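Visitor: Sharing a structure with you now.
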Amino acid sequence: MQRFVKKIVDLMREEKLFSWQGGPIIMLQIENEYGNIERSFGQRGKDYVKWVANMALGLGAGVPWVMCRQTDASENIIDACNGYYCDGFKPNSNKKPILLTENWDGWFATWGGRLPHRPTEDLAFAVARFFQRGGSFMNYYMYFGGTNFGRTSGGPFYVTSYDYDAPLDEYGLLSQPKWGHLKDLHTAIKLCEPSLVAADSAQYIKLGPKQEAHVYRANILSEGLNSTQVGSQSVCSAFLANIDEHNAASVTFLGQSYTLPPWSVSILPNCRNTVFNTAKVTTQTSIKTAEFSLPHSRDLSILQKFVTSSEGSSVSKSWMTVKEPISLWSENSFTIQGILEHLNVTKDSSDYLWYMTRIYVSDDDISFWKENSISPAVTIDGMRDVLRVFINGQLTGSVIGGWVKVVLPVQFQPGYNDLMLLTQTVGLQNYGAFLEKDGAGFRGQIKLTGNRDIDLSKLLWTYQIGLKGEYQKIYSIEENEKAEWTDLTPAAIPSTFTWYKTNFDAPLGVDPVALDLSSMGKGQAWVNGKHIGRYWTQVAPTDGCRPCDYRGAYNSDKCTTNCGNATQTWYHVPRSWLQESHNLLVIFEETGGNPFEISVKLRTTGVVCAQVSESHYPPVRNWSSSDFIDGKTSMNDMTPEMHLQCEDGHVISSIEFASYGSPQGSCQNFSRGNCHAPKSLSLLSETCQGRNSCFLGISNAVFGGDPCRGIVKALAVQARCTPSSNFRFAQL
C-alpha cells in the first residue's frame, strides 16, 4: 500500500498537479470510511489508522490530507463527513474545517430491486443546511453517473448502470429538475460569498419551535477603480430554516415576515431578499426516453419509409448462434479432492466456475426413492451469488442469493451420472471488514440427501474456469470466427447457455446510444470486443413505490421507483466504441431470451415540463452579489420566469400543453383548471417552437390580462424535444 500511495503522490508532483505548483489538486484522501469497520480489528485497527496517517503525511505532498468518517484521525489529518445529512457534523478539532466529502444524492441499484430516488428538494435542503451551519466544502457523490462496464460492478448484485440518480446521468444527460435546482442553489450560495468568507462564525437566532436563522455579518474593505482602499462596507447574509417535516411556518426576521415551506431553507444574500428556497422548484422536469434511430441515409424517401414502418424495431433480423458446451473442454481443467473456494480458483478472471463429479446410482437407490416418495436433493450449507445444477448435461435447477442454504431436488438415472455445479459471481464484495475473506461459491458441506446422506465434499471434483467462448474470445473482432457459428432461426429460441452474434450500423447523430436487452434473460454483452457488462432482466417487487414526499429524513428505501419492472433494460454503448457500420454485437445468454427483439436506441430527453407560479422567486441567475452590496436591486424589479430547454442538438418541436391560470396535475398528466388564459398555448408555441430553449415571464401582462382575479396564478407547460435534424425533416 505504501509503495502504491507513494507512486501516485510522486506522479502528481512530477506532473506539477498540486496547487502549490499551479495545478488543480488542493487536497488528498487516504482511506475512506475505515472508521465504520475499525472496531472489528481491535487494537490493530487503531494502530493502522495512526500508521496510514503518518505514512501519508511523510510523503511531502504539500496539500492537506483527509479521512472520511474517521473520528480518531490524527491532528494533521482532516476528518470529514459522508452521508445524506452532515449539517450537524463537527470534526474532532476546532482547528479543522467542516468538510462534506460525500453527499449521497442517490443510492446503488441492485438486480431485482427498486430504483432509489432522492428528491431534489431534500438534496438541496441538505446542502443548504450544511452551509447554513458552518460547512466549508461540499462534494456530491455522485454528480455524474457512470456505467460499470465489463465485470466491474460490485455489491454483490449491483447493476451495470452506475447512474445513482445523479444530476448528470450515465449518458451525460441532465437529470432535471435535480441538475438545474442545484445549479440555482449554488448560484444563491455564491451570492453570499462576501459575508460567508469574511465572517468568523454565524449568529444563531431561534425563530420558532422548529425554525432558526444563521446570520453571517462582516465588514469588508471596498476598493476604488485603481484598487485603492476607499473604506469598509457591512455585508450580511442569512439562511432561514424550517425543519418541521409537515407544516409551513411564518417567521419574523429582522423586522420582516417570511413564509418557509416545510423541510426547507431560504437563502437571503443581503439579509432582506429571499432569492432561493430549497422546496420551491422552478427548474423544468425532463422525461428521458429511448428512441429508435434513423438509418444512415440522406434519401428523404428512405427516411420517410423508415418513419412510417416498424423497420427500426430491432437491431438485426439476421443472427448467428453457437452453443456453450456443458462439459469439460479445457486443457487447464484439474481434478482434486474436496471443494475449493471460487475466487481462489478463478482469480476473478471469469464469473463462472464449473465443478464436476461422477455419482453412481444403483437400481436399489432408484427403487427406494420411488417406494418412499423421496426425492434426492443436492444440499449445500451456503452459496452465493448464482448456482446452476446440471445432471448429465441437463439443467436441473438454479439458486440465487447471498450465502443462502441450498436444497435442490435432482433426478438421476441408474448407473453413473455426471453432476456439474456452476457457480457464478455477480459482482464482488466491495466494502466491509474482512471483505477479502468473503469469497464466493460455496461454504460448508455439499451433500446428496435422500436414502443415505453422501458427503459430496469428500469426492474427487474436476474444476474448469470460465466459458469456452470466453477462453476463445469469440466476442472479439479478431477471434469471433473461431466458433462454429450457424444461422439462428426463430424456432431455435429460447435457448440456454448460448452465444449469439450479429452486425449493426451506428445510429445517426450524436445522441447517446443504448442497447435495449429487455427481451433477454441473463448474460453478458460485447460490442466490437468491448464488454458492455452484465445484463439481467430481474424484476423489482410490485409494491413499495409510494408517492414521494420530499419532507423528512431520506433513506434509500424512501421514494423508490420502477416497481414491477426489470431493474435495468437499457445498456450504455459509448459512441467512441462504434464505427459507422458493421459493428459486431455478441451476446452470451444463460437462461433463454429472444435476440431478434434486441434493439439499438438513442437515449434522449423527449419531453420537458415546467410549472412556475407567481409566488416563486425571480431567476437567481439575474442577481449578482454587487447588486445586494450596493443596494441597487429590489425584488420588485423582477418577476418569476419559466425556462424550457432541450438537450444540445435538439429543439422544441411542439407544445403539447400550456395553461396560465390554475392548471392541475404534473408532468405528462397536466390538465386545465377553472382558470385559464386562452392565449396560453399560442403564446408558448410562438415563443418556444423551433428553438433549443425559451424563457417566458410569469405575469398577467405577458398573457394579455388577468384571467381570474384573486388567486395566485401558475403556468404549466409540456413540450416535446426533437433532434434538430428530425425537426427539419418533419417540416420538409
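Ligands are numbered from 1 in the order shown, chains are lettered A, B, ... in the order of the C-alpha cells, and residues start at 1 in each chain.
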Apply DSSP to the backbone of this structure and, from range 303-415 of chain A, keep only the residues in strand (DSSP E or B); write these as a ChimeraX atom specification.
Guide: /A:320-323,334-337,352-361,377-391,394-409,415
Visitor: List the spatial neighbours of Pro177 in chain A as number ranges by chain - criterion: any atom at most 7 Å away, only C-alpha atoms, same-chain residues fewer than 4 positions off excluded.
Guide: A: 120, 181, 283-285
Visitor: Residues as selected, N, CA and C atoms, written as a PDB file, in the first residue's frame, can you do that?
Guide:
ATOM      1  N   THR A 120     -35.212  16.037  -5.185  1.00  0.00           N
ATOM      2  CA  THR A 120     -34.413  17.248  -5.412  1.00  0.00           C
ATOM      3  C   THR A 120     -34.514  18.197  -4.231  1.00  0.00           C
ATOM      4  N   HIS A 181     -31.950  22.703 -10.291  1.00  0.00           N
ATOM      5  CA  HIS A 181     -32.252  23.233  -8.957  1.00  0.00           C
ATOM      6  C   HIS A 181     -30.969  23.385  -8.146  1.00  0.00           C
ATOM      7  N   THR A 283     -37.177  24.788 -11.810  1.00  0.00           N
ATOM      8  CA  THR A 283     -36.490  24.111 -12.915  1.00  0.00           C
ATOM      9  C   THR A 283     -37.426  23.122 -13.594  1.00  0.00           C
ATOM     10  N   GLN A 284     -37.255  22.972 -14.884  1.00  0.00           N
ATOM     11  CA  GLN A 284     -38.079  22.045 -15.645  1.00  0.00           C
ATOM     12  C   GLN A 284     -37.839  20.604 -15.210  1.00  0.00           C
ATOM     13  N   THR A 285     -38.820  19.758 -15.495  1.00  0.00           N
ATOM     14  CA  THR A 285     -38.685  18.314 -15.337  1.00  0.00           C
ATOM     15  C   THR A 285     -38.425  17.715 -16.709  1.00  0.00           C
TER      16      THR A 285
END
Visitor: Find the spatial neighbours of range 501-511 of chain A, counting only C-alpha atoms, within a cut-off of 8 Å - ignore same-chain residues fewer than 6 positions away - and output them as a count of residues only.
Guide: 26
Visitor: Find the spatial neighbours of Ile25 in chain A, counting only C-alpha atoms, within a cut-off of 10 Å - ignore same-chain residues fewer than 5 positions away - and output them as a count of residues only.
Guide: 7
Visitor: Going by DSSP on the backbone, which bits of range 39-100 of chain A are helix (DSSP H, G or I)? Write them as JSON, numbers by chain, please.
Guide: {"A": [39, 40, 41, 43, 44, 45, 46, 47, 48, 49, 50, 51, 52, 53, 54, 55, 56, 57]}
Visitor: Give me, as a list of chain:residue names, all polymer residues having an atom no more than 6 Å from Ser350 in chain A, counting only C-alpha atoms and skipping those fewer than 2 positions away in the same chain.
Guide: A:Asp348, A:Tyr352, A:Gly466
Visitor: Between A:Val235, A:Ala279, A:Met383, A:Ile30, single out the one closest to Ala248 in chain A, counting only C-alpha atoms.
Guide: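 Using only C-alpha atoms, the shortest distance to Ala248 in chain A belongs to A:Ala279.
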Visitor: Tell me which of A:Asp365, A:Asp165, A:Asp455, A:Glu481 sits closest to Cys559 in chain A, counting only C-alpha atoms.
Guide: A:Asp165
Visitor: Give me, as a Markdown table, each residue of range 96-136 of chain A that comes within 10 Å of range 78-88 of chain A, together with its shortest interatomic pair and the distance in Å at one decimal, counting only C-alpha atoms, with rows ordered by chain and rising residue number.
Guide:
| residue | atom | partner | partner_atom | distance |
| --- | --- | --- | --- | --- |
| A:Lys96 | CA | A:Ile78 | CA | 6.2 |
| A:Pro97 | CA | A:Ile78 | CA | 7.5 |
| A:Ile98 | CA | A:Ala80 | CA | 6.8 |
| A:Leu99 | CA | A:Ala80 | CA | 5.1 |
| A:Leu100 | CA | A:Cys81 | CA | 4.9 |
| A:Thr101 | CA | A:Asn82 | CA | 5.7 |
| A:Glu102 | CA | A:Asn82 | CA | 4.5 |
| A:Asn103 | CA | A:Gly83 | CA | 5.5 |
| A:Trp104 | CA | A:Tyr84 | CA | 5.3 |
| A:Asp105 | CA | A:Tyr84 | CA | 7.4 |
| A:Gly106 | CA | A:Tyr84 | CA | 8.9 |
| A:Arg118 | CA | A:Tyr84 | CA | 9.6 |
| A:Asp122 | CA | A:Tyr84 | CA | 9.3 |
| A:Leu123 | CA | A:Tyr84 | CA | 7.9 |
| A:Phe125 | CA | A:Tyr85 | CA | 9.1 |
| A:Ala126 | CA | A:Tyr85 | CA | 5.5 |
| A:Val127 | CA | A:Tyr85 | CA | 8.0 |
| A:Ala128 | CA | A:Asp87 | CA | 8.6 |
| A:Arg129 | CA | A:Asp87 | CA | 5.5 |
| A:Phe130 | CA | A:Asp87 | CA | 4.0 |
| A:Phe131 | CA | A:Asp87 | CA | 7.5 |
| A:Gln132 | CA | A:Asp87 | CA | 7.8 |
| A:Arg133 | CA | A:Asp87 | CA | 6.0 |
| A:Gly134 | CA | A:Asp87 | CA | 8.0 |
| A:Gly135 | CA | A:Asp87 | CA | 7.2 |
Visitor: For Lys317 in chain A, work out the shell of residues within 12 Å, counting only C-alpha atoms and skipping chain neighbours fewer than 6 positions away, then give it as a VMD selection string.
Guide: chain A and resid 311 487 to 490 501 to 504 594 to 599
Visitor: Considering only C-alpha atoms, state which residue in the set A:Trp536, A:Asn565, A:Thr722, A:Tyr416 is at the smallest distance from Ser653 in chain A.
Guide: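 Residue with the minimum atom-to-atom distance to Ser653 in chain A: A:Thr722.
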Visitor: Which residue is closest to Gln424 in chain A? Choose from A:Pro376, A:Ile339, A:Leu459, A:Arg151 and count only C-alpha atoms.
Guide: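 For Gln424 in chain A, the nearest of the given residues is A:Arg151.
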Visitor: List the spatial neighbours of Gly564 in chain A as a list of chain:residue names - criterion: any atom at most 9 Å away, only C-alpha atoms, same-chain residues fewer than 6 positions off excluded.
Guide: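 With the cut-off at 9 Å, the set is A:Arg114, A:Val539, A:Ala540, A:Pro541, A:Thr542, A:Asp543.
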Visitor: Just to be explicit: take each residue in the selection above, keep all heavy atoms, and write the result as a PDB file, in the first residue's frame.
Guide:
ATOM      1  N   ARG A 114     -35.886  -2.211  -6.520  1.00  0.00           N
ATOM      2  CA  ARG A 114     -36.463  -0.946  -6.947  1.00  0.00           C
ATOM      3  C   ARG A 114     -35.332   0.056  -7.196  1.00  0.00           C
ATOM      4  O   ARG A 114     -34.220  -0.113  -6.704  1.00  0.00           O
ATOM      5  CB  ARG A 114     -37.421  -0.408  -5.883  1.00  0.00           C
ATOM      6  CG  ARG A 114     -38.480  -1.410  -5.432  1.00  0.00           C
ATOM      7  CD  ARG A 114     -39.251  -0.890  -4.226  1.00  0.00           C
ATOM      8  NE  ARG A 114     -40.136  -1.906  -3.654  1.00  0.00           N
ATOM      9  CZ  ARG A 114     -39.787  -2.761  -2.710  1.00  0.00           C
ATOM     10  NH1 ARG A 114     -38.553  -2.711  -2.196  1.00  0.00           N
ATOM     11  NH2 ARG A 114     -40.629  -3.650  -2.259  1.00  0.00           N
ATOM     12  N   VAL A 539     -36.858  -8.662 -12.156  1.00  0.00           N
ATOM     13  CA  VAL A 539     -37.963  -7.713 -11.989  1.00  0.00           C
ATOM     14  C   VAL A 539     -38.079  -7.287 -10.525  1.00  0.00           C
ATOM     15  O   VAL A 539     -37.985  -8.116  -9.611  1.00  0.00           O
ATOM     16  CB  VAL A 539     -39.288  -8.336 -12.479  1.00  0.00           C
ATOM     17  CG1 VAL A 539     -40.469  -7.407 -12.203  1.00  0.00           C
ATOM     18  CG2 VAL A 539     -39.190  -8.641 -13.972  1.00  0.00           C
ATOM     19  N   ALA A 540     -38.274  -5.993 -10.320  1.00  0.00           N
ATOM     20  CA  ALA A 540     -38.431  -5.447  -8.966  1.00  0.00           C
ATOM     21  C   ALA A 540     -39.797  -5.830  -8.391  1.00  0.00           C
ATOM     22  O   ALA A 540     -40.744  -6.099  -9.142  1.00  0.00           O
ATOM     23  CB  ALA A 540     -38.291  -3.930  -9.003  1.00  0.00           C
ATOM     24  N   PRO A 541     -39.921  -5.850  -7.059  1.00  0.00           N
ATOM     25  CA  PRO A 541     -41.232  -6.125  -6.447  1.00  0.00           C
ATOM     26  C   PRO A 541     -42.289  -5.134  -6.937  1.00  0.00           C
ATOM     27  O   PRO A 541     -41.988  -3.988  -7.278  1.00  0.00           O
ATOM     28  CB  PRO A 541     -40.961  -5.944  -4.949  1.00  0.00           C
ATOM     29  CG  PRO A 541     -39.493  -6.153  -4.787  1.00  0.00           C
ATOM     30  CD  PRO A 541     -38.866  -5.632  -6.050  1.00  0.00           C
ATOM     31  N   THR A 542     -43.519  -5.589  -6.966  1.00  0.00           N
ATOM     32  CA  THR A 542     -44.606  -4.724  -7.438  1.00  0.00           C
ATOM     33  C   THR A 542     -45.032  -3.700  -6.394  1.00  0.00           C
ATOM     34  O   THR A 542     -45.703  -2.720  -6.728  1.00  0.00           O
ATOM     35  CB  THR A 542     -45.824  -5.566  -7.840  1.00  0.00           C
ATOM     36  OG1 THR A 542     -46.218  -6.378  -6.714  1.00  0.00           O
ATOM     37  CG2 THR A 542     -45.485  -6.478  -9.011  1.00  0.00           C
ATOM     38  N   ASP A 543     -44.656  -3.924  -5.134  1.00  0.00           N
ATOM     39  CA  ASP A 543     -45.066  -2.999  -4.082  1.00  0.00           C
ATOM     40  C   ASP A 543     -43.870  -2.163  -3.626  1.00  0.00           C
ATOM     41  O   ASP A 543     -42.727  -2.424  -3.982  1.00  0.00           O
ATOM     42  CB  ASP A 543     -45.644  -3.761  -2.887  1.00  0.00           C
ATOM     43  CG  ASP A 543     -44.617  -4.707  -2.276  1.00  0.00           C
ATOM     44  OD1 ASP A 543     -43.656  -5.085  -2.973  1.00  0.00           O
ATOM     45  OD2 ASP A 543     -44.767  -5.076  -1.092  1.00  0.00           O
TER      46      ASP A 543
END
Visitor: Record the distance separating CA of Ser234 in chain A and CA of Thr278 in chain A, expressed in Å with one decimal.
Guide: 26.5 Å
